[in-house]
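Following: one structure in structure tokens, then a few remarks.
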Amino acid sequence: MTALLTATDVTRVYPVKTTQSWLTKRRSLRAVDQISLELRAGQTLGLVGESGCGKSTLARMLIGLIPTTTGEVSFDGKPVNAERNAAWRALRRDMQMVYQDPLGALDRRLPIYQQVREPLVIQGIGSREEQHTATEEVLTSVGIGSDLFPRFPHELSGGQRQRVVMARALVLKPRLLVCDEPVSALDLSIQAQVINLLSTLQKERQLAMLFISHDLRVVRHICDDVAVMYLGKIIEQGPAAQVLSKPAHPYTEALISAVSHPKASQTSRKRILLRGEPPSPIDVPTGCAFHPRCPIAVAQCQAQTPYLTHIDTGHTVACHLRASLNHQQVVNAC
Ligand SMILES: Nc1ncnc2c1ncn2[C@@H]1O[C@H](COP(=O)(O)OP(=O)(O)OP(=O)(O)O)[C@@H](O)[C@H]1O
Ligand SMILES: [Mg+2]
């Protein structure tokens with residue numbers, strides 16, 4: 001199946017100022033570094049990695065909210081760029097985003113019914129009657145009854161607010177939904193409700209979805225594939241079930257080992273503690289950026305940058321040791 005969204009070598013560099021011994025220097029921060037990925041209709045791709053690794057920056061470039069420094073993004077064969085012109089507005093109809101903070105995403109002064117209807121009014125879609133029907137339908141589909149329609153955001157619970165945000169994103173019938181930590185502000189029981197609802201809507205509507213989360217269990221539950229980011233780069237990508245049960249990259253292993261397992265005492269998996277803090281994206285280490293913290297690093301890792309290499313169907317890893325080990329195994333098996 002052809003890709004709906006394609007990113008090719010997408011990079012985002014921010015000019016930043018650093019201060020050292022009273023001297024202010026202008027430096028470059030590579031928030032996202034030469035990432036390429038594809039997303040098909042109906043596919044859910046999870047994006048995981050430590051705070052500050054570039055997940056939100058990548059997501060924003062993919063839907064044209066911020067420009068790329070270099071590299072291209074295309075949606076349905078058309079270039080996505082951040083210029084606010086008619087072509088951008090038409091594309092934005094098909095690409096919607098759900099953010100972490102539902103209260104921040106909603107207008108405190110407008111009843112929720114009006115806010116969900118607003119995108120249809122702005123885009124001039126349908127008659128008044130059709131707009132009303134579409135608004136009512138989408139609110140009902142996310143479990144918001146008509147008794148709540150006149151309420152203001154602060155008069156709803158956190159879970160209800162996040163469902164209103166989802167309704168607002170879905171009312172234009174987008175083909176791509178980008179969810180940036182959509183449930184991290186909600187308590188656990190509400191999280192499960194919202195995740196299940198999102199999963200159902202995604203399947204019903206054959207939505208392509210980019211799902212950013214720190215919660216690997218949620219990613220495994222909802223995503224077909226997962227991409228693991230470290231300091232602006234994807235270091236492992238593949239089917240979620242495979243990557244999360246048999247990770248190839250030592251960083252992915254460490255992320256997974258940090259998730260408490262209900263049957264921890266019965267599994268042989270030990271918690272892997274990473275050495276040191278994540279390095280600054282202003283001073284990215286040479287070679288493999290993970291090498292200063294990597295428990296298996298060798299001299300080559302400091303000297304040479306590893307690139308994503310196929311180790312199994314649809315499963316790639318950027319690690320000199322794990323990629324060659326796997327390659328070795330394949331050669332031995334032949
Ligand atoms: N406008 C900006 N100017 C300068 N640096 C920025 C800007 N926006 C983001 N950054 C930097 O880019 C890097 C990536 O930020 P980003 O928000 O994409 O991370 P993230 O993976 O989404 O983190 P989190 O999990 O905490 O949301 C960080 O080092 C951040 O400080
Ligand atoms: Mg973020």
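Residues are named by chain letter and number: chains run A, B, ... in the order of the structure tokens, numbers start at 1 in each chain, and ligands are numbered from 1 in the order shown.
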
key: Close residues to ligand 2 using only C-alpha atoms and all ligand atoms, limit 12 Å, as a PyMOL selection string   = chain A and resi 31+47-60+98-101+178-182+184+211-214+229

Written file, previous selection with C-alpha atoms, as a CSV table (one decimal), in the first residue's frame:
chain,number,residue,atom,x,y,z
A,31,ALA,CA,16.1,18.9,17.6
A,47,LEU,CA,6.9,7.5,18.7
A,48,VAL,CA,8.8,7.1,21.9
A,49,GLY,CA,11.9,8.4,23.6
A,50,GLU,CA,13.1,10.4,26.5
A,51,SER,CA,11.9,14.0,27.1
A,52,GLY,CA,13.6,16.4,24.8
A,53,CYS,CA,14.6,13.9,22.1
A,54,GLY,CA,12.5,15.7,19.4
A,55,LYS,CA,9.2,13.9,19.3
A,56,SER,CA,6.9,17.0,19.3
A,57,THR,CA,9.2,18.9,17.0
A,58,LEU,CA,9.0,16.0,14.5
A,59,ALA,CA,5.2,15.8,14.8
A,60,ARG,CA,4.8,19.6,14.2
A,98,VAL,CA,-4.5,16.2,19.7
A,99,TYR,CA,-2.3,17.7,22.4
A,100,GLN,CA,-1.5,16.7,25.9
A,101,ASP,CA,-3.3,19.5,27.7
A,178,VAL,CA,-1.2,13.2,15.4
A,179,CYS,CA,-1.6,12.6,19.1
A,180,ASP,CA,1.1,14.2,21.3
A,181,GLU,CA,0.8,12.5,24.6
A,182,PRO,CA,-3.0,12.7,24.5
A,184,SER,CA,-0.6,11.9,30.0
A,211,PHE,CA,0.9,8.4,18.6
A,212,ILE,CA,3.5,10.1,20.9
A,213,SER,CA,3.7,8.6,24.3
A,214,HIS,CA,6.1,7.9,27.2
A,229,MET,CA,14.0,8.3,19.1

key: Thr8 of chain A environment, 12 Å, only C-alpha atoms, sequence neighbours closer than 6 positions dropped, as a list in words   = Asp33, Gln34, Ile35, Ser36, Leu37, Glu38, Leu58, Met61, Leu62, Thr68, Thr70, Gly71, Glu72, Val73, Ser74, Phe75, Pro79 and Val80 of chain A

Can you write just those residues out, N, CA and C atoms, as a short mmCIF file (atom, residue, chain, number, x, y, z; two decimals), in the first residue's frame?
data_model
loop_
_atom_site.label_atom_id
_atom_site.label_comp_id
_atom_site.auth_asym_id
_atom_site.auth_seq_id
_atom_site.Cartn_x
_atom_site.Cartn_y
_atom_site.Cartn_z
N ASP A 33 17.06 15.23 13.49
CA ASP A 33 18.22 15.10 12.63
C ASP A 33 18.02 14.03 11.55
N GLN A 34 17.70 14.46 10.36
CA GLN A 34 17.61 13.58 9.19
C GLN A 34 16.72 12.34 9.41
N ILE A 35 15.47 12.61 9.74
CA ILE A 35 14.54 11.49 9.94
C ILE A 35 13.72 11.27 8.68
N SER A 36 13.62 9.99 8.29
CA SER A 36 12.75 9.60 7.18
C SER A 36 11.75 8.59 7.71
N LEU A 37 10.48 8.77 7.36
CA LEU A 37 9.49 7.76 7.74
C LEU A 37 8.28 7.83 6.82
N GLU A 38 7.49 6.78 6.87
CA GLU A 38 6.25 6.70 6.07
C GLU A 38 5.11 6.24 6.96
N LEU A 58 9.27 16.84 15.66
CA LEU A 58 9.04 16.04 14.45
C LEU A 58 7.56 16.07 14.07
N MET A 61 6.49 19.28 12.45
CA MET A 61 6.96 19.43 11.06
C MET A 61 6.14 18.57 10.12
N LEU A 62 5.74 17.38 10.61
CA LEU A 62 5.01 16.45 9.73
C LEU A 62 3.68 17.04 9.28
N THR A 68 10.46 22.75 8.19
CA THR A 68 11.67 21.94 8.34
C THR A 68 12.86 22.86 8.04
N THR A 70 15.79 21.44 6.83
CA THR A 70 16.03 20.77 5.54
C THR A 70 15.16 19.52 5.51
N GLY A 71 14.99 18.97 4.32
CA GLY A 71 14.18 17.77 4.17
C GLY A 71 12.76 18.09 3.75
N GLU A 72 12.06 17.06 3.27
CA GLU A 72 10.70 17.27 2.74
C GLU A 72 9.67 16.37 3.40
N VAL A 73 8.46 16.92 3.46
CA VAL A 73 7.33 16.12 3.92
C VAL A 73 6.27 16.19 2.84
N SER A 74 5.65 15.04 2.53
CA SER A 74 4.51 15.10 1.61
C SER A 74 3.35 14.30 2.16
N PHE A 75 2.15 14.79 1.85
CA PHE A 75 0.92 14.13 2.31
C PHE A 75 0.08 13.86 1.08
N PRO A 79 3.27 18.40 -1.38
CA PRO A 79 4.24 18.85 -0.38
C PRO A 79 3.56 19.54 0.80
N VAL A 80 4.06 19.23 2.00
CA VAL A 80 3.55 19.89 3.20
C VAL A 80 4.58 20.95 3.57
#

request  = Just the residues within 7 Å of Val317 of chain A, please, counting only C-alpha atoms, with nothing from its chain fewer than 5 positions along; format it as a ChimeraX atom specification.
outcome  = /A:235-237,248-249,308-310,323

Kindly export the residues of the current selection with N, CA and C atoms, as a CSV table (one decimal), in the first residue's frame.
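As written to disk, selection-v8.csv reads:
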chain,number,residue,atom,x,y,z
A,235,ILE,N,16.4,5.5,16.2
A,235,ILE,CA,17.5,4.5,16.4
A,235,ILE,C,17.0,3.1,16.3
A,236,GLU,N,15.6,2.9,16.3
A,236,GLU,CA,15.1,1.6,16.1
A,236,GLU,C,13.6,1.8,15.6
A,237,GLN,N,13.2,1.0,14.7
A,237,GLN,CA,11.8,1.1,14.2
A,237,GLN,C,11.4,-0.3,13.8
A,248,ALA,N,16.2,-4.5,19.8
A,248,ALA,CA,17.5,-4.8,19.3
A,248,ALA,C,18.5,-3.7,19.8
A,249,HIS,N,18.1,-2.5,20.0
A,249,HIS,CA,19.0,-1.4,20.4
A,249,HIS,C,19.1,-1.4,21.9
A,308,LEU,N,20.4,3.3,10.2
A,308,LEU,CA,19.3,2.2,10.3
A,308,LEU,C,19.6,1.1,9.4
A,309,THR,N,19.6,-0.1,9.9
A,309,THR,CA,19.9,-1.3,9.0
A,309,THR,C,18.8,-2.3,9.3
A,310,HIS,N,18.3,-3.0,8.2
A,310,HIS,CA,17.3,-4.0,8.4
A,310,HIS,C,17.8,-5.2,9.1
A,323,ALA,N,23.2,-4.6,14.8
A,323,ALA,CA,22.9,-4.9,13.4
A,323,ALA,C,23.9,-5.9,12.8

query = Within 12 Å of Ile125 of chain A, counting only C-alpha atoms, which residues qualify if same-chain residues fewer than 3 places away don't, as a PyMOL selection string?
reply = chain A and resi 90+93+117-122+128-132+134-135+171-173

task = Tell me which protein, DNA and RNA residues are within 7 Å of Met95 of chain A, counting only C-alpha atoms, leaving out same-chain ones fewer than 2 positions away, and put them as a PyMOL selection string.
result = chain A and resi 63+91-93+97+174-177

ask   = What gap, in Å, lies between atom CA of Gly158 of chain A and atom CA of Gly46 of chain A?
value = 23.2 Å

task = Assign secondary structure with DSSP using the backbone only, and return the residues of segment 11-199 of chain A in strand (DSSP E or B) as a ChimeraX atom specification.
result = /A:11-20,23-39,44-48,70-75,78-79,95-98,176-180

request  = Find the residue from A:Tyr230, A:Ala240, A:Leu255, A:Asp107 that sits nearest to Cys288 of chain A; use only C-alpha atoms when measuring.
outcome  = A:Tyr230

inquiry  = Show me, as a ChimeraX atom specification, the residues that have an atom within 12 Å of Pro150 of chain A when counting only C-alpha atoms, minus same-chain residues fewer than 2 positions from it.
reply    = /A:109-116,144-148,152-156

Writer output for current selection, N, CA and C atoms, as a PDB file, in the first residue's frame:
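So the final result, stored in result_3.pdb, reads:
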ATOM      1  N   ARG A 109     -13.825  30.458  26.864  1.00  0.00           N
ATOM      2  CA  ARG A 109     -14.997  31.341  26.822  1.00  0.00           C
ATOM      3  C   ARG A 109     -16.119  30.822  25.935  1.00  0.00           C
ATOM      4  N   LEU A 110     -15.900  29.669  25.275  1.00  0.00           N
ATOM      5  CA  LEU A 110     -16.915  29.164  24.338  1.00  0.00           C
ATOM      6  C   LEU A 110     -17.494  27.831  24.803  1.00  0.00           C
ATOM      7  N   PRO A 111     -18.821  27.662  24.690  1.00  0.00           N
ATOM      8  CA  PRO A 111     -19.395  26.354  25.000  1.00  0.00           C
ATOM      9  C   PRO A 111     -18.799  25.294  24.073  1.00  0.00           C
ATOM     10  N   ILE A 112     -18.715  24.068  24.569  1.00  0.00           N
ATOM     11  CA  ILE A 112     -17.982  23.040  23.812  1.00  0.00           C
ATOM     12  C   ILE A 112     -18.643  22.737  22.452  1.00  0.00           C
ATOM     13  N   TYR A 113     -19.968  22.808  22.392  1.00  0.00           N
ATOM     14  CA  TYR A 113     -20.639  22.533  21.113  1.00  0.00           C
ATOM     15  C   TYR A 113     -20.121  23.480  20.031  1.00  0.00           C
ATOM     16  N   GLN A 114     -20.030  24.760  20.393  1.00  0.00           N
ATOM     17  CA  GLN A 114     -19.564  25.767  19.422  1.00  0.00           C
ATOM     18  C   GLN A 114     -18.121  25.509  18.999  1.00  0.00           C
ATOM     19  N   GLN A 115     -17.313  25.055  19.974  1.00  0.00           N
ATOM     20  CA  GLN A 115     -15.892  24.828  19.671  1.00  0.00           C
ATOM     21  C   GLN A 115     -15.683  23.657  18.722  1.00  0.00           C
ATOM     22  N   VAL A 116     -16.544  22.648  18.869  1.00  0.00           N
ATOM     23  CA  VAL A 116     -16.406  21.475  17.997  1.00  0.00           C
ATOM     24  C   VAL A 116     -16.932  21.816  16.595  1.00  0.00           C
ATOM     25  N   ILE A 144     -19.889  12.128  24.350  1.00  0.00           N
ATOM     26  CA  ILE A 144     -20.336  13.379  24.993  1.00  0.00           C
ATOM     27  C   ILE A 144     -21.812  13.571  24.628  1.00  0.00           C
ATOM     28  N   GLY A 145     -22.680  13.438  25.650  1.00  0.00           N
ATOM     29  CA  GLY A 145     -24.131  13.544  25.429  1.00  0.00           C
ATOM     30  C   GLY A 145     -24.564  14.985  25.256  1.00  0.00           C
ATOM     31  N   SER A 146     -25.793  15.164  24.686  1.00  0.00           N
ATOM     32  CA  SER A 146     -26.242  16.517  24.354  1.00  0.00           C
ATOM     33  C   SER A 146     -26.419  17.398  25.600  1.00  0.00           C
ATOM     34  N   ASP A 147     -26.590  16.782  26.782  1.00  0.00           N
ATOM     35  CA  ASP A 147     -26.721  17.577  28.008  1.00  0.00           C
ATOM     36  C   ASP A 147     -25.441  18.370  28.301  1.00  0.00           C
ATOM     37  N   LEU A 148     -24.299  17.890  27.755  1.00  0.00           N
ATOM     38  CA  LEU A 148     -23.028  18.588  28.015  1.00  0.00           C
ATOM     39  C   LEU A 148     -22.720  19.662  26.968  1.00  0.00           C
ATOM     40  N   PHE A 152     -19.105  24.903  29.392  1.00  0.00           N
ATOM     41  CA  PHE A 152     -17.784  25.463  29.090  1.00  0.00           C
ATOM     42  C   PHE A 152     -16.722  24.437  29.514  1.00  0.00           C
ATOM     43  N   PRO A 153     -15.504  24.523  28.928  1.00  0.00           N
ATOM     44  CA  PRO A 153     -14.480  23.512  29.242  1.00  0.00           C
ATOM     45  C   PRO A 153     -14.256  23.287  30.743  1.00  0.00           C
ATOM     46  N   HIS A 154     -14.257  24.388  31.547  1.00  0.00           N
ATOM     47  CA  HIS A 154     -13.960  24.203  32.977  1.00  0.00           C
ATOM     48  C   HIS A 154     -15.099  23.496  33.703  1.00  0.00           C
ATOM     49  N   GLU A 155     -16.244  23.325  33.026  1.00  0.00           N
ATOM     50  CA  GLU A 155     -17.369  22.628  33.666  1.00  0.00           C
ATOM     51  C   GLU A 155     -17.380  21.131  33.342  1.00  0.00           C
ATOM     52  N   LEU A 156     -16.277  20.646  32.727  1.00  0.00           N
ATOM     53  CA  LEU A 156     -16.182  19.218  32.379  1.00  0.00           C
ATOM     54  C   LEU A 156     -15.047  18.564  33.157  1.00  0.00           C
TER      55      LEU A 156
END

task = Step one, run DSSP on the backbone; step two, keep only residues of segment 271-307 of chain A assigned to alpha helix (DSSP H); then write them as a PyMOL selection string.
result = chain A and resi 299-303

ask   = Near Ala289 of chain A, within 9 Å and counting only C-alpha atoms, which residues show up once chain neighbours fewer than 6 positions away are dropped, as number ranges by chain?
value = A: 230-231, 279, 301-302, 305

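Among the candidate residues A:Lys233, A:Lys203, A:Arg108, A:Arg217, the one lying nearest to ligand 1 is A:Lys233, with distances computed using only C-alpha atoms and all ligand atoms.
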